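Visitor: Pasting in a structure now, in structure tokens, and then I'll have a few things to ask.
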Amino acid sequence: MKILIIEDDAALRGELDVLLRNAGYETESVTDFAGAAEQMKHSSADLILLDINLPNVNGETLLQDYRRQSSTPIIMLTSRTAELDEVLSMSYGADDFITKPYNPTILLLRISAVLKRSARSGAAQSYREAEVSTVRGSLTRGSSEQILTKNEMIIFQLLLDRIGEIVTRDELMTALWDNDEFVNDNALSVNISRLRGKLAELGYPDAIETRKKQGYVLR
Amino acid sequence: MKLTDFLRDRLPAFLISAAAWILALIFLFAFHVPAEAVVIVSVIVLLGAAAAELWAFLRKRGYYDKLSSSLEQLDKKYLLSEMLEEPEFLDGRILHSAICEADKSMCEHIAEYRRESADFREYIELWVHEIKLPVAGLQLMCHNDGAQRYAEQLRRIDEYIENVLYYARSGSAEKDYIIKPVSLKRAFADIAVRNRCELQERGISLHTADLGAEVMTDGKWLEFMLGQLMSNSIKYGASEITVSAEELPDRTVLRFRDNGIGIPAGDLPYIFDKTFTGENGRTHTKSTGMGLYIVKKLCDRLGHSAEVSSVQGEFTEIALTFGKNELYKVE
């Protein structure tokens, strides 16, 4: 997955680049803002992070022009806290809108959510032989079905989106809180062990591996 | 303008005329002018003088009555000069031009201040926008380098920056908000995530109830207000924060309740006042007394209301009331 970064603050751009690379994305940055529109057009990126205040050009204008020809998801970034910018950006076709300074974990969650939305429009997700239904909140393998609670589903989704990679407790916690589930540390542990139990019932006892002091990996 | 007042005002002039008349009478009698002639001349002069005075009175009354009635009706008294036509008589003209000139000079004066304050506000907005870039940069660096220790301080810096921004916004005459349906659930979740580390560190639990409602407000402003309330709850020893909404036919009430140290009854009426810190502000933690003041001002500008109830040592509850104006719903 490749992300195009259009941000004029060099320090911020560099850190964004590191953040996204660490999270396993490929990145590309725009440094010549006069040619930003061209670079956007020819980029093979799967998602674009676009700052609103750019030298010589306005991000909202770029967005508006770009939308006429492509539907690649775009997340707007801005340090102006104004509802107007958000309303405008969304009406021009942005997929999300995030104000700086952003919580990096949330930024990553939003990016993966937007990517997921654009990748599978309704296509069913699966884990090994099991079918994942977010609508019913269930995992089905053959004739056996396990119903997941909302919390378990959020956790499982995040692990599944990044299958084979380490997902930190901090990320899991942020994702839960972002979905109005204000759980504490203990509750998270309980949820994970319940999820493990349900996966074991389906025949995957070793599905979630704990990495000490790092997080969890779904195998 | 009353006739009696006018006549009393003219009294010195009448006395001078009367003295001149008595002198004239003495001369008339000295020259043996017939008594009938004296009476006739007296009557003519008296009638003429009375007519002249009446004319002068009516002419002035027209102008001054309009002036005082306009002044009384005007909500903005400084607009007086716009309401008056220039009178015909000399002293009226002098007064009129004096009023107009004074008014103009005051308008220029005010315009200058207004410009200055608008410039200042514009600069604050720009400054906030600029300072957020390095803050955002630092925040990413903290994350990338795994230096979570600094993240909390950065969050505090960001909170103070927001305070300045919204303080500037709360006092300006410009309409820089957008009223649209905002999900209470979403707004509260955003604030909760932002404060998650501090909440968990202090073991504060969050409970929500019936936040499914949408209210007509500006999303960003609402988030700022909720952030302020949460920051107060964290500051003043809460271990449990309960946020609930109640939908009534004409309004939605959002209750933000914590079980912190509470507010002394004597301080309650003043907690929305500017720079009021009260007992808690002195004894507990440094407080600027600006947070709730800004919240209240933003509420006023958006047409919401904010109320507080508290029992010291038990709880503090801030209730925000959002109107359900049907007008807003036309989209």
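For the structure tokens, the naming scheme is as follows: chains receive sequential letters (A, B, ...) according to their order of presentation, residues are indexed from 1 within each chain, and ligands are indexed from 1 in presentation order.
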Give me, as CSV, the closest atom pair and its distance (Å, one decimal) for every residue of chain B within a cut-off of 8 Å of chain A, counting only C-alpha atoms, rows sorted by chain and rising number.
Guide:
```
residue,atom,partner,partner_atom,distance
B:His129,CA,A:Ser79,CA,5.3
B:Glu130,CA,A:Ser79,CA,7.7
B:Lys132,CA,A:Ser79,CA,6.1
B:Leu133,CA,A:Ser79,CA,7.0
B:Pro134,CA,A:Leu12,CA,7.5
B:Val135,CA,A:Pro101,CA,6.2
B:Ala136,CA,A:Pro101,CA,4.0
B:Gly137,CA,A:Leu12,CA,4.7
B:Gln139,CA,A:Pro101,CA,7.1
B:Leu140,CA,A:Glu15,CA,5.9
B:Met141,CA,A:Glu15,CA,6.2
B:His143,CA,A:Pro104,CA,6.8
B:Asn144,CA,A:Leu19,CA,6.0
B:Asp158,CA,A:Pro101,CA,7.7
B:Asp176,CA,A:Ala82,CA,7.9
B:Tyr177,CA,A:Glu83,CA,6.6
B:Ile178,CA,A:Glu83,CA,6.3
B:Lys185,CA,A:Asp180,CA,7.2
B:Arg186,CA,A:Asp180,CA,7.9
B:Ala189,CA,A:Asp180,CA,5.5
B:Asp190,CA,A:Asp178,CA,6.6
B:Ala192,CA,A:Trp177,CA,7.0
B:Val193,CA,A:Trp177,CA,5.7
B:Arg194,CA,A:Asn103,CA,7.3
B:Arg196,CA,A:Thr174,CA,7.8
B:Gln200,CA,A:Asn184,CA,6.7
B:Ser205,CA,A:Phe182,CA,7.5
B:Leu206,CA,A:Phe182,CA,6.2
B:His207,CA,A:Phe182,CA,7.7
B:Asp218,CA,A:Glu83,CA,6.8
B:Gly219,CA,A:Glu83,CA,6.6
B:Lys220,CA,A:Glu83,CA,5.9
```
Visitor: Output the selection as a CSV table (one decimal), in the first residue's frame - C-alpha atoms for each residue.
Guide:
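Listing of selection.csv after writing:
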```csv
chain,number,residue,atom,x,y,z
B,129,HIS,CA,-2.2,27.6,13.0
B,130,GLU,CA,1.6,28.0,12.9
B,132,LYS,CA,0.3,23.7,15.8
B,133,LEU,CA,2.8,22.6,13.1
B,134,PRO,CA,5.8,22.1,15.5
B,135,VAL,CA,3.4,20.6,18.1
B,136,ALA,CA,2.2,18.1,15.5
B,137,GLY,CA,5.8,17.5,14.5
B,139,GLN,CA,3.9,14.6,18.6
B,140,LEU,CA,4.9,12.4,15.7
B,141,MET,CA,8.5,12.4,16.8
B,143,HIS,CA,5.5,8.4,18.7
B,144,ASN,CA,8.2,7.5,16.2
B,158,ASP,CA,-2.2,21.8,22.7
B,176,ASP,CA,-17.1,31.7,12.3
B,177,TYR,CA,-19.1,28.7,13.3
B,178,ILE,CA,-21.4,26.4,11.4
B,185,LYS,CA,-21.5,10.2,20.8
B,186,ARG,CA,-18.9,11.1,18.2
B,189,ALA,CA,-15.5,9.8,21.8
B,190,ASP,CA,-13.1,12.2,20.2
B,192,ALA,CA,-12.2,10.7,25.3
B,193,VAL,CA,-9.6,9.3,22.9
B,194,ARG,CA,-7.6,12.5,23.1
B,196,ARG,CA,-7.2,8.5,27.1
B,200,GLN,CA,-6.3,5.6,32.3
B,205,SER,CA,-13.7,5.5,34.3
B,206,LEU,CA,-16.1,6.9,31.7
B,207,HIS,CA,-19.8,6.1,31.5
B,218,ASP,CA,-20.8,23.6,15.7
B,219,GLY,CA,-18.8,20.3,16.0
B,220,LYS,CA,-15.5,21.9,16.7
```
Visitor: Applying 7 Å and only C-alpha atoms, which residues near region 138-152 of chain A remain after dropping the ones on its own chain fewer than 3 positions away? List them as a list in words.
Guide: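 The neighbour list is Glu129, Ala130, Glu131, Val132, Ser133, Thr134, Ile155, Phe156, Leu176, Asn191, Leu195, Lys198 and Leu202 of chain A.
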Visitor: Output C-alpha atoms for every residue in the selection just made, as a CSV table (one decimal), in the first residue's frame.
Guide:
```
chain,number,residue,atom,x,y,z
A,129,GLU,CA,-11.3,-20.9,6.6
A,130,ALA,CA,-13.7,-18.8,8.7
A,131,GLU,CA,-15.9,-16.1,7.3
A,132,VAL,CA,-16.1,-12.8,9.1
A,133,SER,CA,-19.4,-10.9,9.2
A,134,THR,CA,-19.2,-7.5,10.7
A,155,ILE,CA,-10.2,-6.1,18.4
A,156,PHE,CA,-10.5,-8.9,15.9
A,176,LEU,CA,-11.9,0.7,21.2
A,191,ASN,CA,-11.7,-9.2,26.0
A,195,LEU,CA,-11.7,-13.7,21.8
A,198,LYS,CA,-13.9,-18.2,20.8
A,202,LEU,CA,-13.5,-22.6,15.9
```
Visitor: Running DSSP on the backbone, which parts of region 58-284 of chain B land in alpha helix (DSSP H), as an NGL selection string?
Guide: :B and (58-73 or 80-83 or 90-145 or 148-170 or 184-194 or 196-201 or 219-235 or 278-283)
Visitor: Write a file of the selected residues as a compact mmCIF listing (two decimals), in the first residue's frame, keeping C-alpha atoms.
Guide:
```txt
# COMPACT_ATOMS: atom_id res chain seq x y z
CA LEU B 58 -42.66 76.46 17.69
CA ARG B 59 -39.64 76.39 15.41
CA LYS B 60 -37.33 75.12 18.16
CA ARG B 61 -39.89 72.80 19.64
CA GLY B 62 -40.16 70.91 16.35
CA TYR B 63 -36.45 70.16 16.34
CA TYR B 64 -35.79 69.53 20.02
CA ASP B 65 -38.85 67.35 20.54
CA LYS B 66 -37.72 65.16 17.68
CA LEU B 67 -34.23 65.08 19.18
CA SER B 68 -35.35 63.95 22.61
CA SER B 69 -37.88 61.44 21.35
CA SER B 70 -35.29 59.95 18.96
CA LEU B 71 -32.79 59.72 21.77
CA GLU B 72 -35.31 57.93 23.92
CA GLN B 73 -36.28 55.42 21.25
CA LEU B 80 -28.65 60.00 16.91
CA SER B 81 -27.07 62.19 14.26
CA GLU B 82 -28.35 59.85 11.56
CA MET B 83 -31.91 60.38 12.73
CA LEU B 90 -28.82 79.20 13.92
CA ASP B 91 -28.18 77.67 17.35
CA GLY B 92 -29.81 74.45 16.16
CA ARG B 93 -27.47 74.34 13.19
CA ILE B 94 -24.46 74.86 15.40
CA LEU B 95 -25.60 72.11 17.74
CA HIS B 96 -26.39 69.80 14.86
CA SER B 97 -23.01 70.14 13.23
CA ALA B 98 -21.35 69.70 16.62
CA ILE B 99 -23.25 66.44 17.21
CA CYS B 100 -22.42 65.19 13.74
CA GLU B 101 -18.77 65.97 14.09
CA ALA B 102 -18.46 64.43 17.54
CA ASP B 103 -20.25 61.35 16.27
CA LYS B 104 -18.02 61.01 13.26
CA SER B 105 -14.91 61.31 15.32
CA MET B 106 -16.17 58.65 17.72
CA CYS B 107 -17.03 56.33 14.86
CA GLU B 108 -13.52 56.69 13.50
CA HIS B 109 -12.14 56.03 16.92
CA ILE B 110 -14.22 52.88 17.33
CA ALA B 111 -13.40 51.72 13.82
CA GLU B 112 -9.74 52.00 14.69
CA TYR B 113 -10.14 49.85 17.78
CA ARG B 114 -12.30 47.41 15.90
CA ARG B 115 -9.66 47.10 13.23
CA GLU B 116 -6.98 46.62 15.84
CA SER B 117 -8.92 43.93 17.63
CA ALA B 118 -9.78 42.19 14.36
CA ASP B 119 -6.12 42.32 13.36
CA PHE B 120 -5.12 40.90 16.68
CA ARG B 121 -7.64 38.12 16.42
CA GLU B 122 -6.55 37.34 12.91
CA TYR B 123 -2.98 37.15 14.10
CA ILE B 124 -3.95 34.85 16.97
CA GLU B 125 -5.68 32.52 14.51
CA LEU B 126 -2.63 32.57 12.29
CA TRP B 127 -0.30 32.07 15.22
CA VAL B 128 -2.33 29.13 16.51
CA HIS B 129 -2.24 27.64 13.05
CA GLU B 130 1.55 28.05 12.94
CA ILE B 131 2.33 26.79 16.42
CA LYS B 132 0.34 23.66 15.76
CA LEU B 133 2.79 22.56 13.09
CA PRO B 134 5.76 22.13 15.46
CA VAL B 135 3.43 20.61 18.06
CA ALA B 136 2.21 18.11 15.49
CA GLY B 137 5.82 17.48 14.47
CA LEU B 138 6.85 16.85 18.08
CA GLN B 139 3.91 14.58 18.64
CA LEU B 140 4.90 12.41 15.68
CA MET B 141 8.52 12.42 16.85
CA CYS B 142 7.44 11.22 20.29
CA HIS B 143 5.51 8.43 18.68
CA ASN B 144 8.22 7.50 16.19
CA ASP B 145 10.94 7.52 18.84
CA GLN B 148 5.67 8.61 25.21
CA ARG B 149 6.88 10.50 28.28
CA TYR B 150 6.66 13.79 26.40
CA ALA B 151 3.32 13.13 24.76
CA GLU B 152 1.31 14.15 27.80
CA GLN B 153 3.07 17.52 28.05
CA LEU B 154 2.41 18.09 24.37
CA ARG B 155 -1.23 17.35 24.90
CA ARG B 156 -1.29 20.01 27.60
CA ILE B 157 0.42 22.53 25.34
CA ASP B 158 -2.16 21.82 22.69
CA GLU B 159 -4.95 22.33 25.19
CA TYR B 160 -3.62 25.75 26.20
CA ILE B 161 -3.27 26.72 22.56
CA GLU B 162 -6.88 25.79 21.95
CA ASN B 163 -7.91 27.92 24.92
CA VAL B 164 -6.35 30.98 23.34
CA LEU B 165 -7.96 30.22 20.00
CA TYR B 166 -11.43 29.81 21.41
CA TYR B 167 -11.07 32.79 23.71
CA ALA B 168 -10.33 34.89 20.64
CA ARG B 169 -13.26 33.35 18.82
CA SER B 170 -15.68 33.71 21.70
CA LEU B 184 -22.90 13.73 20.78
CA LYS B 185 -21.49 10.23 20.80
CA ARG B 186 -18.87 11.06 18.16
CA ALA B 187 -17.87 14.34 19.81
CA PHE B 188 -17.48 12.72 23.20
CA ALA B 189 -15.52 9.76 21.82
CA ASP B 190 -13.08 12.15 20.16
CA ILE B 191 -12.48 13.94 23.43
CA ALA B 192 -12.19 10.68 25.32
CA VAL B 193 -9.59 9.28 22.93
CA ARG B 194 -7.61 12.49 23.14
CA ARG B 196 -7.22 8.50 27.11
CA CYS B 197 -3.69 8.26 28.51
CA GLU B 198 -4.32 10.67 31.35
CA LEU B 199 -7.71 9.15 32.15
CA GLN B 200 -6.28 5.64 32.32
CA GLU B 201 -3.23 6.73 34.29
CA GLY B 219 -18.85 20.35 16.04
CA LYS B 220 -15.46 21.87 16.73
CA TRP B 221 -16.79 24.27 19.31
CA LEU B 222 -18.66 21.49 21.06
CA GLU B 223 -15.54 19.35 21.19
CA PHE B 224 -13.63 22.23 22.70
CA MET B 225 -16.29 22.69 25.37
CA LEU B 226 -16.41 18.99 26.21
CA GLY B 227 -12.61 18.98 26.35
CA GLN B 228 -12.70 21.81 28.88
CA LEU B 229 -15.22 20.01 31.04
CA MET B 230 -13.21 16.82 30.92
CA SER B 231 -10.00 18.60 31.74
CA ASN B 232 -11.71 20.12 34.79
CA SER B 233 -12.98 16.73 35.91
CA ILE B 234 -9.48 15.31 35.63
CA LYS B 235 -8.01 18.29 37.49
CA GLY B 278 -12.72 30.21 43.81
CA GLU B 279 -11.70 28.02 46.69
CA ASN B 280 -10.78 25.01 44.53
CA GLY B 281 -8.61 27.16 42.31
CA ARG B 282 -6.65 28.31 45.33
CA THR B 283 -6.37 25.13 47.34
```
Visitor: If you run DSSP on the backbone here, which positions in region 154-238 of chain B get strand (DSSP E)? Please write them as a PyMOL selection string.
Guide: chain B and resi 180-183+205-209+214-217
Visitor: Which residue out of B:Glu240, B:Asp250, B:Glu307, B:Glu53 has the minimum interatomic distance to Leu7 (chain B) when only C-alpha atoms are used?
Guide: B:Glu53
Visitor: Which polymer residues have any atom within 10 Å of an atom of Phe322 (chain B), counting only C-alpha atoms, with same-chain residues fewer than 3 positions away left out, as a PyMOL selection string?
Guide: chain B and resi 214-217+247+250-254+299+302-306+319+325
Visitor: Just write the chosen residues, N, CA and C atoms, as a short mmCIF file (atom, residue, chain, number, x, y, z; two decimals), in the first residue's frame.
Guide:
```cif
data_model
loop_
_atom_site.label_atom_id
_atom_site.label_comp_id
_atom_site.auth_asym_id
_atom_site.auth_seq_id
_atom_site.Cartn_x
_atom_site.Cartn_y
_atom_site.Cartn_z
N GLU B 214 -28.49 13.69 18.25
CA GLU B 214 -27.71 14.69 17.51
C GLU B 214 -28.21 16.05 17.95
N VAL B 215 -27.29 17.00 18.08
CA VAL B 215 -27.71 18.34 18.47
C VAL B 215 -27.26 19.32 17.40
N MET B 216 -27.96 20.45 17.34
CA MET B 216 -27.60 21.47 16.37
C MET B 216 -26.55 22.38 16.98
N THR B 217 -25.33 22.24 16.52
CA THR B 217 -24.26 23.06 17.07
C THR B 217 -23.08 23.03 16.11
N GLU B 247 -33.35 13.89 25.77
CA GLU B 247 -34.04 14.60 24.69
C GLU B 247 -35.41 15.01 25.14
N ASP B 250 -38.45 20.22 23.08
CA ASP B 250 -37.93 21.46 22.50
C ASP B 250 -36.43 21.63 22.67
N ARG B 251 -35.79 20.72 23.38
CA ARG B 251 -34.35 20.89 23.60
C ARG B 251 -33.70 19.55 23.98
N THR B 252 -32.38 19.53 23.89
CA THR B 252 -31.62 18.37 24.33
C THR B 252 -30.67 18.84 25.42
N VAL B 253 -30.66 18.12 26.53
CA VAL B 253 -29.78 18.50 27.64
C VAL B 253 -28.67 17.47 27.77
N LEU B 254 -27.44 17.95 27.73
CA LEU B 254 -26.29 17.08 27.90
C LEU B 254 -25.74 17.29 29.30
N CYS B 299 -21.15 29.08 24.52
CA CYS B 299 -22.55 28.67 24.63
C CYS B 299 -23.47 29.83 24.27
N LEU B 302 -23.53 30.50 20.59
CA LEU B 302 -24.20 29.48 19.79
C LEU B 302 -25.68 29.36 20.15
N GLY B 303 -26.07 30.08 21.20
CA GLY B 303 -27.46 30.01 21.62
C GLY B 303 -27.77 28.82 22.52
N HIS B 304 -26.75 28.22 23.09
CA HIS B 304 -26.97 27.15 24.07
C HIS B 304 -26.93 27.77 25.46
N SER B 305 -27.25 26.95 26.47
CA SER B 305 -27.06 27.48 27.81
C SER B 305 -26.27 26.48 28.64
N ALA B 306 -25.56 27.01 29.62
CA ALA B 306 -24.75 26.16 30.48
C ALA B 306 -25.14 26.41 31.92
N ALA B 319 -24.58 21.14 32.91
CA ALA B 319 -25.60 20.77 31.93
C ALA B 319 -25.58 21.76 30.78
N ASN B 325 -34.20 24.22 17.35
CA ASN B 325 -34.87 25.19 16.51
C ASN B 325 -35.18 24.55 15.16
#
```
